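Only one structure is covered here, and it is reproduced in the block below.
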Amino acid sequence: MNVADSRQVSSALEQLNYQETDSAENADVVVLNTCVIRQSAEDSATGRISSLQGLKRKNPNMVINVMGCLVGVKGHQHLAERFPHVDVFSPPSDPGPLIAYLTQDESRALEEETTARRFAFMDEELPLPKNHSDQVTAYVHIVLGCSHACTYCIVPYRRGPERSRPVENIAMEVKSLVKQGVKEITLLGQIVDRYGVDLPQKPTLSSLLREVHDTPGLERLRFLTSHPNWMTNELLDTVAELPKVMPHIEVPIQSGDDEVLANMKRGYTTDEYRELIHRIRTRIPNVGIANDIIVGFPGETEEQFQHTYNILEELKLDVAHLARYSGRQGTVATRRMKDNVPEEEKWRRFRVLEELQKGIAAEINSRYEGKTVKVLFENKVRGRWRGRTPNNKLVFTETEQNLHGKVIPVTITWTGPWSMQGKVETRSKK
Ligand code: 5AD
Ligand code: SF4
C-alpha cells in the first residue's frame, strides 16, 4: 500500500517537474511515508521525522512532507505541534496537500496551474501515474480504507472507511501504466475481494478483472489482500479462467484458534478457513497461497497458539507473513483487552512458526526442481536476474541476456524455502 502511495506522490511531483534524488541532503522536497501497523513501525517513523530536523536547519527552504498512516485521516494537530519542522502533512493515498502546498508558490509556471486544478479533487480521484518506464510491476489501489475493524487493527482509523474506486478510473490507470511499459499489475485493497460493494453499479472484483484483463500489453494481473468471507466461487473461477490473472491468493487467517479469531472479530472459524483453502485449491490449479498470522494476541494461551501451529502444519500454505501482536492505541483490543503475552514469549511463538513454515516452504519448493516454470523478470540484484512464477515464487537466474520485463521459461536447478534458482531455457522471444 505504501509503495503504491509513494509512487503516486513521485508521479505527482514529476508532473510538477521535480526529479528524484538519491539523498535527502540534496532534496528540495522530502516526503516521508509512514506506517503504524505495529509500534515498531511507528517508532521508526517518528525517529526518521526527528532526524530530518537537522537537514531542515541547514536548508530552511527544504519542504518536508510527512504522509501515511501516522498522519491518518482524522487531523494531525498533535503531530504539527510535536514536529514543527514538518511543512505539510498528508493522509494515506493522498498527494493532494503536498501538491497544493508546492503549487501555492506563485513563481511556478502556468502549466502547473492545470496540474493544481487537477489535484483539487484529489479526494475523489488519484492522479494518473507517470514515469513508470523502468518498472515491470506496479500496484493500483482499487479499494481505499477498510470498514471491517478487526480488534487489533489500526488501519480503519488511519486509512478511513472503505471506498472503492470506479471501474473506469482503475481501467484508465491500468492502461496508462501498461502504456509506459509495466507488465504486471497488482490490484490493492485491505479487503480487495469486497471491491465494489459500496459503488452504485455494484461491480465485483471478478467483473473488474474481466474489464482490465484484455488491456493490450498487460502480461499479468494479481490482487491482494483477500478476506476469507468474501472469496466467492465466482471470483475463484475467474482467477482460474482468465489467463493473465495469476494463480496467487493472499488470504490471512491471523490465528488458528476459534476463540482468538472471535476476539479478533475476524468473522470466520478455522473450519470455514479450511474449507476455503480446499475450495481455492480445487478451483485454481497450481495456486500459491499466502497467509498472515499474528502471535501473542491478548489472552492467547499456549494451547491456542498450538492450534495455530497445527493448522499451519495441516494446510501447508506457500507463504506465511508472521507478526508479533502490538497493541495499537484506540483499537478495541487495546481498550478492552490486556496485552498479557510477554514479549519473549511472543518472540518464541514467532520463531516456532517461522521454523515450521521454513520446512513447509522448503518442501513445497523442492517439488519444482527440474521443472520448467514461466518467470516474469523484474530487475537485476547482485548480478542475478530476479523474477516471479505465476504463483509468486521468487526465481533468480544468471545470464548475460537482458531479461527486463520478459516472460521466459526457466528450468529450476536449486530450491530453498524463500527462493529458487534456474536456467533460462530458450532465448527470449520478446
Ligand atoms: N499487531 C501485529 N500485527 C498486526 N497486523 C495488523 N495489526 C497488527 C497488530 N496490531 C498484521 C496482520 C495483517 C498484517 C498486514 O499486519 O497480520 O494482516
Ligand atoms: Fe485491518 Fe481487519 Fe481491515 Fe485488514 S480487514 S485492514 S486486518 S481491520
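Every chain in the C-alpha cells has a letter given in the order shown (A, B, ...), and although residue numbers restart at 1 in each chain, ligands are simply numbered from 1 in the order shown.
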
Which neighbours of range 198-201 of chain A fall inside 10 Å, counting only C-alpha atoms, when residues of the same chain fewer than 2 positions from it are skipped, and could you give them as an mmCIF file with N, CA, C and O atoms, in the first residue's frame?
```
data_model
loop_
_atom_site.group_PDB
_atom_site.id
_atom_site.type_symbol
_atom_site.label_atom_id
_atom_site.label_comp_id
_atom_site.auth_asym_id
_atom_site.auth_seq_id
_atom_site.Cartn_x
_atom_site.Cartn_y
_atom_site.Cartn_z
ATOM 1 N N VAL A 143 -9.498 -0.445 -3.777
ATOM 2 C CA VAL A 143 -10.314 -0.100 -2.604
ATOM 3 C C VAL A 143 -9.409 0.656 -1.635
ATOM 4 O O VAL A 143 -8.332 0.175 -1.295
ATOM 5 N N GLU A 162 -14.000 2.202 4.065
ATOM 6 C CA GLU A 162 -13.825 1.576 2.756
ATOM 7 C C GLU A 162 -14.417 2.418 1.627
ATOM 8 O O GLU A 162 -15.575 2.819 1.703
ATOM 9 N N ARG A 163 -13.642 2.686 0.597
ATOM 10 C CA ARG A 163 -14.118 3.378 -0.609
ATOM 11 C C ARG A 163 -13.561 2.667 -1.840
ATOM 12 O O ARG A 163 -12.339 2.609 -2.009
ATOM 13 N N SER A 164 -14.440 2.165 -2.689
ATOM 14 C CA SER A 164 -13.979 1.544 -3.934
ATOM 15 C C SER A 164 -13.850 2.615 -5.006
ATOM 16 O O SER A 164 -14.678 3.520 -5.083
ATOM 17 N N ARG A 165 -12.835 2.498 -5.829
ATOM 18 C CA ARG A 165 -12.699 3.441 -6.947
ATOM 19 C C ARG A 165 -13.521 2.945 -8.140
ATOM 20 O O ARG A 165 -13.622 1.742 -8.357
ATOM 21 N N PRO A 166 -14.070 3.877 -8.917
ATOM 22 C CA PRO A 166 -14.874 3.463 -10.072
ATOM 23 C C PRO A 166 -14.064 2.643 -11.084
ATOM 24 O O PRO A 166 -12.863 2.890 -11.274
ATOM 25 N N VAL A 167 -14.735 1.695 -11.706
ATOM 26 C CA VAL A 167 -14.095 0.801 -12.679
ATOM 27 C C VAL A 167 -13.343 1.587 -13.756
ATOM 28 O O VAL A 167 -12.187 1.273 -14.077
ATOM 29 N N ARG A 194 -13.803 -7.375 -1.491
ATOM 30 C CA ARG A 194 -15.059 -6.647 -1.274
ATOM 31 C C ARG A 194 -15.219 -5.520 -2.302
ATOM 32 O O ARG A 194 -16.142 -4.710 -2.208
ATOM 33 N N TYR A 195 -14.308 -5.474 -3.278
ATOM 34 C CA TYR A 195 -14.365 -4.397 -4.249
ATOM 35 C C TYR A 195 -15.791 -4.211 -4.793
ATOM 36 O O TYR A 195 -16.456 -5.173 -5.160
ATOM 37 N N GLY A 196 -16.236 -2.965 -4.806
ATOM 38 C CA GLY A 196 -17.486 -2.635 -5.483
ATOM 39 C C GLY A 196 -18.736 -2.617 -4.627
ATOM 40 O O GLY A 196 -19.745 -2.040 -5.034
ATOM 41 N N PRO A 203 -20.117 -3.269 -9.093
ATOM 42 C CA PRO A 203 -19.178 -4.147 -9.799
ATOM 43 C C PRO A 203 -18.521 -5.074 -8.780
ATOM 44 O O PRO A 203 -18.530 -4.768 -7.587
ATOM 45 N N THR A 204 -17.980 -6.198 -9.236
ATOM 46 C CA THR A 204 -17.270 -7.100 -8.318
ATOM 47 C C THR A 204 -15.808 -7.159 -8.741
ATOM 48 O O THR A 204 -15.456 -6.723 -9.843
#
```

Report as a ChimeraX atom specification: the residues of range 174-413 of chain A with a DSSP assignment of strand (DSSP E or B), based on the backbone of this structure.
/A:184-188,220-224,245,248-250,254,288-295,319-324,372-381,384-388,394-397,407-413

Give me, as number ranges by chain, the set of residues whose atoms come within 12 Å of any atom of ligand 2, counting only C-alpha atoms and all ligand atoms.
A: 1, 36-38, 69, 143-162, 188-194, 224-230, 250-255, 261, 264-267, 292-294, 323, 325, 328, 331-333

Among the residues of range 220-318 of chain A, find those DSSP assigns to alpha helix (DSSP H) from the backbone and print them as a ChimeraX atom specification.
/A:233-241,258-264,270-283,302-315

Rank nothing, just name the residue among A:Asn286, A:Ser40, A:Gln104, A:Thr21 nearest to ligand 1, using only C-alpha atoms and all ligand atoms.
A:Ser40

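Across A:Thr397, A:Gln135, A:Ser326, A:Thr413, the tightest approach to ligand 1 is made by A:Ser326 when counting only C-alpha atoms and all ligand atoms.
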
Can you tell me which residues surround Val245 in chain A at a distance of at most 10 Å, considering only C-alpha atoms, apart from same-chain residues fewer than 3 positions away, and format the answer as a PDB file with N, CA and C atoms, in the first residue's frame?
```
ATOM      1  N   GLU A 184       3.101  -6.154 -15.211  1.00  0.00           N
ATOM      2  CA  GLU A 184       2.271  -6.840 -14.213  1.00  0.00           C
ATOM      3  C   GLU A 184       1.660  -5.815 -13.265  1.00  0.00           C
ATOM      4  N   ILE A 185       0.351  -5.945 -13.063  1.00  0.00           N
ATOM      5  CA  ILE A 185      -0.352  -5.025 -12.171  1.00  0.00           C
ATOM      6  C   ILE A 185      -0.925  -5.818 -11.001  1.00  0.00           C
ATOM      7  N   THR A 186      -0.710  -5.301  -9.794  1.00  0.00           N
ATOM      8  CA  THR A 186      -1.345  -5.888  -8.617  1.00  0.00           C
ATOM      9  C   THR A 186      -2.401  -4.920  -8.102  1.00  0.00           C
ATOM     10  N   LEU A 209     -11.714  -7.638 -12.898  1.00  0.00           N
ATOM     11  CA  LEU A 209     -10.615  -8.400 -13.517  1.00  0.00           C
ATOM     12  C   LEU A 209     -10.899  -8.613 -15.001  1.00  0.00           C
ATOM     13  N   ARG A 210     -12.151  -8.955 -15.296  1.00  0.00           N
ATOM     14  CA  ARG A 210     -12.531  -9.145 -16.708  1.00  0.00           C
ATOM     15  C   ARG A 210     -12.395  -7.861 -17.500  1.00  0.00           C
ATOM     16  N   HIS A 213      -8.606  -7.123 -17.994  1.00  0.00           N
ATOM     17  CA  HIS A 213      -7.806  -8.267 -18.451  1.00  0.00           C
ATOM     18  C   HIS A 213      -7.214  -8.076 -19.843  1.00  0.00           C
ATOM     19  N   GLU A 219       0.688  -8.281 -19.171  1.00  0.00           N
ATOM     20  CA  GLU A 219       1.016  -9.708 -19.128  1.00  0.00           C
ATOM     21  C   GLU A 219       0.363 -10.412 -17.948  1.00  0.00           C
ATOM     22  N   ARG A 220       0.382  -9.731 -16.789  1.00  0.00           N
ATOM     23  CA  ARG A 220      -0.066 -10.414 -15.577  1.00  0.00           C
ATOM     24  C   ARG A 220      -0.880  -9.502 -14.670  1.00  0.00           C
ATOM     25  N   LEU A 221      -1.859 -10.132 -13.998  1.00  0.00           N
ATOM     26  CA  LEU A 221      -2.675  -9.426 -13.010  1.00  0.00           C
ATOM     27  C   LEU A 221      -2.683 -10.213 -11.710  1.00  0.00           C
ATOM     28  N   ARG A 222      -2.573  -9.491 -10.597  1.00  0.00           N
ATOM     29  CA  ARG A 222      -2.731 -10.110  -9.276  1.00  0.00           C
ATOM     30  C   ARG A 222      -3.605  -9.196  -8.440  1.00  0.00           C
ATOM     31  N   PHE A 223      -4.018  -9.666  -7.278  1.00  0.00           N
ATOM     32  CA  PHE A 223      -4.744  -8.793  -6.360  1.00  0.00           C
ATOM     33  C   PHE A 223      -4.470  -9.228  -4.934  1.00  0.00           C
ATOM     34  N   THR A 238     -13.002 -17.082 -11.848  1.00  0.00           N
ATOM     35  CA  THR A 238     -12.464 -16.054 -12.743  1.00  0.00           C
ATOM     36  C   THR A 238     -10.942 -16.119 -12.750  1.00  0.00           C
ATOM     37  N   VAL A 239     -10.356 -16.297 -11.572  1.00  0.00           N
ATOM     38  CA  VAL A 239      -8.898 -16.414 -11.482  1.00  0.00           C
ATOM     39  C   VAL A 239      -8.428 -17.616 -12.305  1.00  0.00           C
ATOM     40  N   ALA A 240      -9.160 -18.729 -12.171  1.00  0.00           N
ATOM     41  CA  ALA A 240      -8.771 -19.947 -12.890  1.00  0.00           C
ATOM     42  C   ALA A 240      -8.940 -19.761 -14.398  1.00  0.00           C
ATOM     43  N   GLU A 241      -9.976 -19.034 -14.784  1.00  0.00           N
ATOM     44  CA  GLU A 241     -10.316 -18.930 -16.207  1.00  0.00           C
ATOM     45  C   GLU A 241      -9.441 -17.935 -16.975  1.00  0.00           C
ATOM     46  N   LEU A 242      -9.213 -16.767 -16.401  1.00  0.00           N
ATOM     47  CA  LEU A 242      -8.528 -15.709 -17.149  1.00  0.00           C
ATOM     48  C   LEU A 242      -7.015 -15.953 -17.161  1.00  0.00           C
ATOM     49  N   HIS A 248      -2.597 -16.926  -7.614  1.00  0.00           N
ATOM     50  CA  HIS A 248      -1.904 -16.437  -6.415  1.00  0.00           C
ATOM     51  C   HIS A 248      -2.930 -15.732  -5.539  1.00  0.00           C
ATOM     52  N   PRO A 390       4.145 -17.665 -11.959  1.00  0.00           N
ATOM     53  CA  PRO A 390       2.730 -17.284 -11.841  1.00  0.00           C
ATOM     54  C   PRO A 390       2.230 -17.350 -10.394  1.00  0.00           C
TER      55      PRO A 390
END
```

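Residues in contact with Glu211 in chain A at up to 10 Å, not including ones fewer than 4 positions away on its chain and judged by only C-alpha atoms, are A:Val167, A:Glu168, A:Ile170, A:Ala171, A:Leu205, A:Ser206, A:Ser207, A:Thr215.
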
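Closest approach to ligand 1 among A:Glu14, A:Glu302, A:Glu42, A:Glu272: A:Glu42, based on only C-alpha atoms and all ligand atoms.
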
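Considering the residues A:Tyr139, A:Asn233, A:Ile99, A:Ala41 and counting only C-alpha atoms and all ligand atoms, ligand 1 has its shortest atom-to-atom contact with A:Ala41.
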
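For range 56-60 of chain A, the set of protein, DNA and RNA residues having any atom at most 10 Å away, when counting only C-alpha atoms and skipping those fewer than 5 positions along the same chain, is Glu25, Asn26, Ala27, Asp28, Val30, Ser51, His85 and Val86 of chain A.
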
Selection above as a file: C-alpha atoms, as a compact mmCIF listing (two decimals), in the first residue's frame:
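Contents of selection04.txt, freshly written:
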```
# COMPACT_ATOMS: atom_id res chain seq x y z
CA GLU A 25 20.59 16.24 1.76
CA ASN A 26 20.25 17.26 -1.88
CA ALA A 27 16.47 17.40 -1.93
CA ASP A 28 14.18 20.44 -2.17
CA VAL A 30 11.47 15.32 1.27
CA SER A 51 16.26 13.10 12.25
CA HIS A 85 9.83 21.43 11.24
CA VAL A 86 7.37 19.49 9.09
```

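Pairwise distance (CA of Val182 in chain A, CA of Asn2 in chain A) equals 18.5 Å.
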
Who sits within 10 Å of range 91-95 of chain A, only C-alpha atoms, same chain under 5 positions skipped, as a VMD selection string:
chain A and resid 1 to 2 4 to 13 31 33 to 35 65 to 76 100 119 122 to 127 141 144 to 145 158 to 160

Would you pick out the contacts of range 417-423 of chain A at 12 Å or less, using only C-alpha atoms, so that residues sharing its chain but fewer than 3 positions from it are not included, and give the list as a VMD selection string?
chain A and resid 317 to 320 354 to 375 384 to 389 392 to 401 408 to 414 426 to 427

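Counting only C-alpha atoms and comparing A:Thr270, A:Asn391, A:Leu376, A:Glu303, the residue that lies closest to Pro247 in chain A is A:Asn391.
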